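Visitor: The structure that follows is given in the form of structure tokens.
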Amino acid sequence: MAHAHDDAHGHDDHAHGPDKGIMRWIKTTNHKDLGTLYLFFSFTMFFIGGLMSLVIRAELFQPGLQFVDPELFNQFTTMHALVMIFGGVMPGFVGLANWMVPMMIGCSDLALPRVNNWGFWLLPFAFTMLLSTFFLPGGAPAGGWTIYPPLVLQTGNSFPLLIFAIHLMGISSITGAINVVVTILNMRAPGMTLLKMPLFVWTWLITAYLLIAVMPVLAGAVTMLLTDKYFGTSFFNAAGGGDPVMFEHIFWFFGHPEVYIMILPAFGIISSIIPTFARKPLFGYASMVYAVASIAFLSFIVWAHHMFTVGIPLAGELFFMFSTMLIAVPTGVKVFNWIATMWKGSMTYETPMLFAIAFVFLFSIGGFSGLSLALAPVDFQYHNTYFVVAHFHYVLVPGAVFSIIAAIYYWIPKWTGRMYNEAAGKWHFWLSSIFINVTFFPQHFLGLAGMPRRIPDYAVQFTDFNMVSTVGAFGFFISQFIFIFNILACCYGWFGRQRNATAQVWEGATGLEWSVPSPAPYHTFEDPPLVGDDGMPVHGNAAAHAH
Amino acid sequence: MAVEPESPEQRSGRRTRRYTTGKLLLVVAGMFGFGFALVPMYNALCQLTNLNGKDKGMLAASNVQEHEDDSREVTVQFLTTVNGGRIWSFAANTPQIKVHPGKLYTVMFTAKNQQDDAVVGQAVPSVVPWNAARHLHKTECFCFNQQPFAANEEKQMPVRFMLDPELPRDVTTVTLSYTFFDVTQLAQSAVKPKS
């Protein structure tokens, strides 16, 4: 991706191609450059977070303490989550939105390009600050990513850095989200009505609203923690009339919509990929849009299912149990629509499609374990066990992460003009799919047998499943190098310099992004195209080029 | 970049984008405020539902009238916890008593400061089950005030309470729990503005 635009092509008459050198990336306001930056940032964070998970898995290979002491182990579990959620998945989706939303709705850039640049460049500072806490006396935060008081208030010198890093990430997410909403609401090409927008745009619009609604609540919650620790307030201090349980309510009021922030864009990606390779239009487009909207609405009224065991009255347990189970209905609508799209389609199994099908299957497994956890009486047994770990890793890794991988395979020919290596892609897919199940499936059994999460040591009867899980984790991590190699080969032309991708790239692909040449010129849709009923420009590709 | 004069469409497009941005920024500010508004909302809701010790357990009940119902016997258990370390030894003198609803009882708690420094304690009560909380009335409790302790001081602290006869029939055991917090620092900072 990085050097895809370095060769001048396509825009001879106005020479605002990219600047040269490092300043191009620092000063850029181009949505494609920023999308690339976001994606590379996300890869870096996935790599760092992945290394942390390998330390965790290595420690858990055998009972007893081998490599890290318990305090450091807790730092790794806490930081693994923060880095993967705020550094890996969220910037990954923002990067895809940067690249694709303007090209999908036919506008030249996001509405607020300078804000876009600022939003991105906050992230390296936020994560440098967060990761630097490993080197402080007392080490990194170790109270879990849910930062529950009073435990988190015992964090040492790293505490204010944690809080300010979360503030910066929040500001970055909010600016990105505002940018996406303003762009989608105001800058669609003529003819691109709301109910003609690709589902990736729809899911991102709703995700952006969720971000705008809940990231400020998280900012408020961590500010209260900060004042409780340093300024003598008692928001969460029972001795001063506060209540630590209230933090859990405020945190999960943010936290549950956050879960959907990390999966709704994935739904949009899968809804783009499956119709292409099934060579059929998406089944039930309107119901897909309404399903996403209802999931987003329900996400605001289910938060207490994360805290069934804190002592909620029976009526509350029942309300949160049933409202949570209700989410399975729109989610089921989506899964069945994807299956119906594939039904009797002329299917081919290129790498993006393989990842998309694996997403549907494995995300559903994560959904089912989520339903088990939604049952309040059962949750008392499962709470804080490895069953929960297995559940959310099933929805986040073969869910959110697989969708990001699928999206990159799907759109990288458009970005770089070069096809990725299909054989390497298939190897990557099969190894990833096998190892991810080897890693996380045994964790269901561990959880049901009572192994608690966030511990560096365990009873000997859990050894076998933990060994299997560790082998899977290392296998999954190593498999990702195929992916990195494949992407970099596309960016730098390691399989040949020629740009062999056609404009449409995939036989069954429809949508505005496929009407511009591959690689996509530095500026696209400077003159908005007129969008026809099929979602394609009425005058062919002409509008996609320069003035 | 060449500066081209703005067309009217460009200008109005920019204005609508600014308008939408402004509206969304207001939502952001509103939600930041909402996060803090959750605090009083949470307290109000807890008081309404008598959850998490946010019932009137912290306050003295006024006009408590005895009308004993000796047909019922309810067990009241006393649970004591010291938050964060062994600053005090803290226990109820009798771990549980049997009571008749509608009658006032007095029980004693003993706390001893284990430190060689003076500390200030604050007990925070909590009642289980939650539907019994609103029927437990205290006319006297050491939790109503902060309790200063001299170094190694031992105190006998009374609680005078009554379960009212409207206590739901299915409740046969009520647990009254106290957690003792060290509020020495909070007490100091609270005194400062007055002096």
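All residue names refer to the structure tokens as shown: chains lettered A, B, ... in order, residues numbered from 1 in each chain, ligands numbered from 1 in order.
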What's around Asn98 (chain A) at 9 Å? Count only C-alpha atoms, leave out sequence neighbours fewer than 4 positions away in its own chain, and write the answer as a list in words.
Guide: His31, Lys32, Asp33, Leu34, Gly35, Thr36, Tyr38, Phe93, Val94, Pro102, Asp109, Leu110, Asn116, Gly176 and Val180 of chain A
Visitor: Against chain A, which residues of chain B fall within 10 Å? For each one I want the closest pair of atoms and the distance in Å (one decimal), counting only C-alpha atoms, rows by chain and increasing residue number, as a tab-separated table.
Guide:
residue	atom	partner	partner_atom	distance
B:Met1	CA	A:His16	CA	7.0
B:Ala2	CA	A:His14	CA	9.4
B:Gly13	CA	A:Asn186	CA	7.6
B:Arg14	CA	A:Ala111	CA	8.6
B:Thr16	CA	A:Asn186	CA	7.2
B:Arg17	CA	A:Val182	CA	6.1
B:Arg18	CA	A:Val182	CA	8.5
B:Tyr19	CA	A:Val182	CA	9.2
B:Thr20	CA	A:Val182	CA	6.0
B:Thr21	CA	A:Val182	CA	6.3
B:Gly22	CA	A:Ile178	CA	9.5
B:Lys23	CA	A:Ile178	CA	9.7
B:Leu24	CA	A:Ile178	CA	6.5
B:Leu25	CA	A:Ile178	CA	7.9
B:Val27	CA	A:Ala213	CA	7.2
B:Val28	CA	A:Ile212	CA	5.8
B:Ala29	CA	A:Pro216	CA	7.4
B:Gly30	CA	A:Pro216	CA	8.5
B:Met31	CA	A:Pro216	CA	5.7
B:Phe32	CA	A:Pro216	CA	4.5
B:Gly33	CA	A:Gly220	CA	7.6
B:Phe34	CA	A:Val217	CA	7.0
B:Gly35	CA	A:Val217	CA	4.6
B:Phe36	CA	A:Gly220	CA	6.4
B:Ala37	CA	A:Gly220	CA	9.9
B:Leu38	CA	A:Ile250	CA	7.3
B:Val39	CA	A:Met246	CA	7.5
B:Tyr42	CA	A:Met246	CA	7.1
B:Asn43	CA	A:Met246	CA	8.8
B:Thr49	CA	A:Pro313	CA	9.0
B:Leu51	CA	A:Ile312	CA	8.1
B:Asn52	CA	A:Asp243	CA	8.0
B:Gly53	CA	A:Asp243	CA	9.3
B:Lys54	CA	A:Gly241	CA	8.9
B:Met58	CA	A:Gly241	CA	9.4
B:Asn83	CA	A:Ala239	CA	9.3
B:Gly121	CA	A:Ala239	CA	8.6
B:Gln122	CA	A:Ala239	CA	6.2
B:Ala123	CA	A:Ala239	CA	7.4
B:Val124	CA	A:Ala239	CA	6.7
B:Pro125	CA	A:Ala238	CA	10.0
B:Val128	CA	A:Gly311	CA	9.7
B:Pro129	CA	A:Pro313	CA	9.2
B:Trp130	CA	A:Pro313	CA	7.3
B:Asn131	CA	A:Pro313	CA	8.8
B:Gln146	CA	A:Ala239	CA	9.7
B:Thr179	CA	A:Ala239	CA	8.7
B:Phe180	CA	A:Ala239	CA	8.0
B:Phe181	CA	A:Ala239	CA	5.5
B:Asp182	CA	A:Ala239	CA	7.5
B:Val183	CA	A:Ala239	CA	6.6
B:Gln185	CA	A:Gly232	CA	8.6
B:Leu186	CA	A:Gly232	CA	7.0
B:Ala187	CA	A:Gly240	CA	9.3
B:Ser189	CA	A:Gly232	CA	7.9
B:Ala190	CA	A:Gly232	CA	9.5
Visitor: DSSP on the backbone, then: every residue of region 324-530 of chain A marked helix (DSSP H, G or I), written as a PyMOL selection string.
Guide: chain A and resi 324-326+328-342+351-374+376-382+386-416+422-448+460-492+512-515
Visitor: In Å, rounded to a single decimal, give me how far CA of Tyr148 (chain A) is from CA of Asn74 (chain A).
Guide: 13.8 Å
Visitor: Within 7 Å of region 299-309 of chain A, counting only C-alpha atoms, which residues show up once you throw out same-chain ones fewer than 3 positions away? Write them as a VMD selection string, please.
Guide: chain A and resid 249 252 to 253 256 to 257 295 to 296 312 317 320 to 321 323 to 324 374 376 380
Visitor: Put those residues in a file: C-alpha atoms, as a JSON list (two decimals), in the first residue's frame.
Guide:
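Just written: out-v3.json:
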[["chain", "number", "residue", "atom", "x", "y", "z"],
["A", 249, "HIS", "CA", -22.33, 0.34, 35.47],
["A", 252, "TRP", "CA", -20.22, -1.23, 30.78],
["A", 253, "PHE", "CA", -22.59, 1.46, 29.56],
["A", 256, "HIS", "CA", -21.20, -3.00, 25.65],
["A", 257, "PRO", "CA", -21.71, -0.58, 22.73],
["A", 295, "ILE", "CA", -28.35, -4.26, 17.37],
["A", 296, "ALA", "CA", -26.97, -0.76, 17.96],
["A", 312, "ILE", "CA", -28.66, -7.24, 41.02],
["A", 317, "GLU", "CA", -31.26, -10.04, 36.17],
["A", 320, "PHE", "CA", -30.81, -7.84, 31.26],
["A", 321, "MET", "CA", -30.98, -11.54, 30.47],
["A", 323, "SER", "CA", -32.78, -8.01, 26.46],
["A", 324, "THR", "CA", -29.42, -9.66, 25.82],
["A", 374, "ALA", "CA", -26.54, -14.31, 28.71],
["A", 376, "ALA", "CA", -28.15, -15.22, 34.29],
["A", 380, "PHE", "CA", -22.93, -17.38, 37.92]]
Visitor: Show me, as a PyMOL selection string, the residues that have an atom within 12 Å of Ala356 (chain A) when counting only C-alpha atoms, minus same-chain residues fewer than 4 positions from it.
Guide: chain A and resi 266-278+335+338-339+342+349-352+360-363+398-410+429+433
Visitor: Excluding Gly102 (chain B) and residues on its chain fewer than 5 positions from it, collect all residues at most 9 Å away from it, counting only C-alpha atoms, and give them as a compact mmCIF listing (two decimals) with N, CA and C atoms, in the first residue's frame.
Guide:
# COMPACT_ATOMS: atom_id res chain seq x y z
N GLN B 65 -42.03 3.75 65.80
CA GLN B 65 -43.01 3.37 66.83
C GLN B 65 -43.01 1.86 66.98
N GLU B 66 -42.87 1.42 68.23
CA GLU B 66 -42.85 -0.02 68.45
C GLU B 66 -44.27 -0.59 68.45
N HIS B 67 -44.53 -1.62 67.68
CA HIS B 67 -45.73 -2.44 67.88
C HIS B 67 -45.34 -3.87 67.53
N GLU B 68 -44.91 -4.55 68.59
CA GLU B 68 -44.27 -5.84 68.43
C GLU B 68 -45.21 -6.88 67.86
N ASP B 69 -44.69 -7.66 66.92
CA ASP B 69 -45.41 -8.79 66.36
C ASP B 69 -44.70 -10.04 66.84
N ASP B 70 -45.15 -10.60 67.98
CA ASP B 70 -44.38 -11.72 68.54
C ASP B 70 -44.76 -13.05 67.93
N MET B 162 -34.76 -1.65 64.51
CA MET B 162 -36.03 -2.37 64.53
C MET B 162 -36.35 -2.83 63.12
N LEU B 163 -36.88 -4.04 63.01
CA LEU B 163 -37.44 -4.48 61.73
C LEU B 163 -38.93 -4.18 61.79
N ASP B 164 -39.47 -3.47 60.81
CA ASP B 164 -40.89 -3.14 60.93
C ASP B 164 -41.74 -4.34 60.50
N PRO B 165 -42.98 -4.38 61.00
CA PRO B 165 -43.82 -5.57 60.76
C PRO B 165 -44.18 -5.77 59.29
N GLU B 166 -43.94 -4.75 58.44
CA GLU B 166 -44.25 -4.93 57.01
C GLU B 166 -43.18 -5.74 56.28
Visitor: Within 10 Å of Ser432 (chain A), counting only C-alpha atoms, which residues show up once you throw out same-chain ones fewer than 2 positions away? Write them as a PyMOL selection string, please.
Guide: chain A and resi 355+398+402+426-430+434-438+472-473+475-480+483
Visitor: Go ahead and save the picked residues with N, CA and C atoms, as an mmCIF file, in the first residue's frame.
Guide:
data_model
loop_
_atom_site.group_PDB
_atom_site.id
_atom_site.type_symbol
_atom_site.label_atom_id
_atom_site.label_comp_id
_atom_site.auth_asym_id
_atom_site.auth_seq_id
_atom_site.Cartn_x
_atom_site.Cartn_y
_atom_site.Cartn_z
ATOM 1 N N PHE A 355 -12.233 -16.322 4.105
ATOM 2 C CA PHE A 355 -12.264 -15.671 5.408
ATOM 3 C C PHE A 355 -13.692 -15.240 5.769
ATOM 4 N N PRO A 398 -11.769 -14.706 15.167
ATOM 5 C CA PRO A 398 -12.369 -15.115 13.891
ATOM 6 C C PRO A 398 -13.547 -14.222 13.513
ATOM 7 N N PHE A 402 -10.711 -11.559 11.556
ATOM 8 C CA PHE A 402 -10.871 -12.210 10.252
ATOM 9 C C PHE A 402 -11.512 -11.263 9.247
ATOM 10 N N LYS A 426 -4.363 -18.731 0.496
ATOM 11 C CA LYS A 426 -5.086 -19.934 0.938
ATOM 12 C C LYS A 426 -4.345 -20.614 2.090
ATOM 13 N N TRP A 427 -2.998 -20.688 1.985
ATOM 14 C CA TRP A 427 -2.221 -21.232 3.103
ATOM 15 C C TRP A 427 -2.504 -20.425 4.374
ATOM 16 N N HIS A 428 -2.478 -19.096 4.219
ATOM 17 C CA HIS A 428 -2.736 -18.235 5.367
ATOM 18 C C HIS A 428 -4.103 -18.534 5.955
ATOM 19 N N PHE A 429 -5.099 -18.672 5.074
ATOM 20 C CA PHE A 429 -6.452 -18.924 5.573
ATOM 21 C C PHE A 429 -6.531 -20.236 6.338
ATOM 22 N N TRP A 430 -6.046 -21.328 5.726
ATOM 23 C CA TRP A 430 -6.250 -22.625 6.376
ATOM 24 C C TRP A 430 -5.464 -22.722 7.674
ATOM 25 N N ILE A 434 -7.390 -23.132 11.284
ATOM 26 C CA ILE A 434 -7.154 -24.315 12.122
ATOM 27 C C ILE A 434 -6.582 -23.883 13.467
ATOM 28 N N PHE A 435 -5.555 -23.043 13.420
ATOM 29 C CA PHE A 435 -4.884 -22.704 14.678
ATOM 30 C C PHE A 435 -5.772 -21.870 15.595
ATOM 31 N N ILE A 436 -6.659 -21.041 15.027
ATOM 32 C CA ILE A 436 -7.475 -20.227 15.915
ATOM 33 C C ILE A 436 -8.441 -21.107 16.693
ATOM 34 N N ASN A 437 -8.911 -22.172 16.050
ATOM 35 C CA ASN A 437 -9.785 -23.107 16.772
ATOM 36 C C ASN A 437 -9.003 -23.946 17.768
ATOM 37 N N VAL A 438 -7.772 -24.324 17.381
ATOM 38 C CA VAL A 438 -6.928 -25.067 18.328
ATOM 39 C C VAL A 438 -6.662 -24.205 19.555
ATOM 40 N N GLY A 472 -1.681 -23.827 19.669
ATOM 41 C CA GLY A 472 -2.497 -23.113 18.683
ATOM 42 C C GLY A 472 -2.124 -21.649 18.593
ATOM 43 N N ALA A 473 -1.879 -21.008 19.741
ATOM 44 C CA ALA A 473 -1.576 -19.572 19.742
ATOM 45 C C ALA A 473 -0.274 -19.298 18.989
ATOM 46 N N GLY A 475 1.063 -21.229 16.714
ATOM 47 C CA GLY A 475 0.813 -21.525 15.301
ATOM 48 C C GLY A 475 0.096 -20.374 14.609
ATOM 49 N N PHE A 476 -0.906 -19.803 15.280
ATOM 50 C CA PHE A 476 -1.652 -18.696 14.683
ATOM 51 C C PHE A 476 -0.744 -17.499 14.458
ATOM 52 N N PHE A 477 0.067 -17.198 15.464
ATOM 53 C CA PHE A 477 0.943 -16.022 15.345
ATOM 54 C C PHE A 477 1.902 -16.197 14.166
ATOM 55 N N ILE A 478 2.514 -17.398 14.071
ATOM 56 C CA ILE A 478 3.492 -17.614 12.999
ATOM 57 C C ILE A 478 2.803 -17.558 11.628
ATOM 58 N N SER A 479 1.552 -18.075 11.544
ATOM 59 C CA SER A 479 0.843 -18.057 10.261
ATOM 60 C C SER A 479 0.648 -16.648 9.735
ATOM 61 N N GLN A 480 0.579 -15.668 10.637
ATOM 62 C CA GLN A 480 0.299 -14.306 10.183
ATOM 63 C C GLN A 480 1.454 -13.711 9.376
ATOM 64 N N PHE A 483 0.667 -13.613 5.845
ATOM 65 C CA PHE A 483 -0.197 -12.473 5.517
ATOM 66 C C PHE A 483 0.632 -11.206 5.319
#
Visitor: For a quick check of understanding, using only C-alpha atoms, which of B:Lys155, B:Ala133, B:Pro101, B:Leu167 has the smallest distance to Leu48 (chain B)?
Guide: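 So, comparing all the options, the nearest one is B:Ala133.
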Visitor: Any idea what's packed within 8 Å of Thr172 (chain B), counting only C-alpha atoms, ignoring anything in its chain fewer than 5 positions away? Could you give it as a list of chain:residue names?
Guide: B:Glu73, B:Val74, B:Thr75
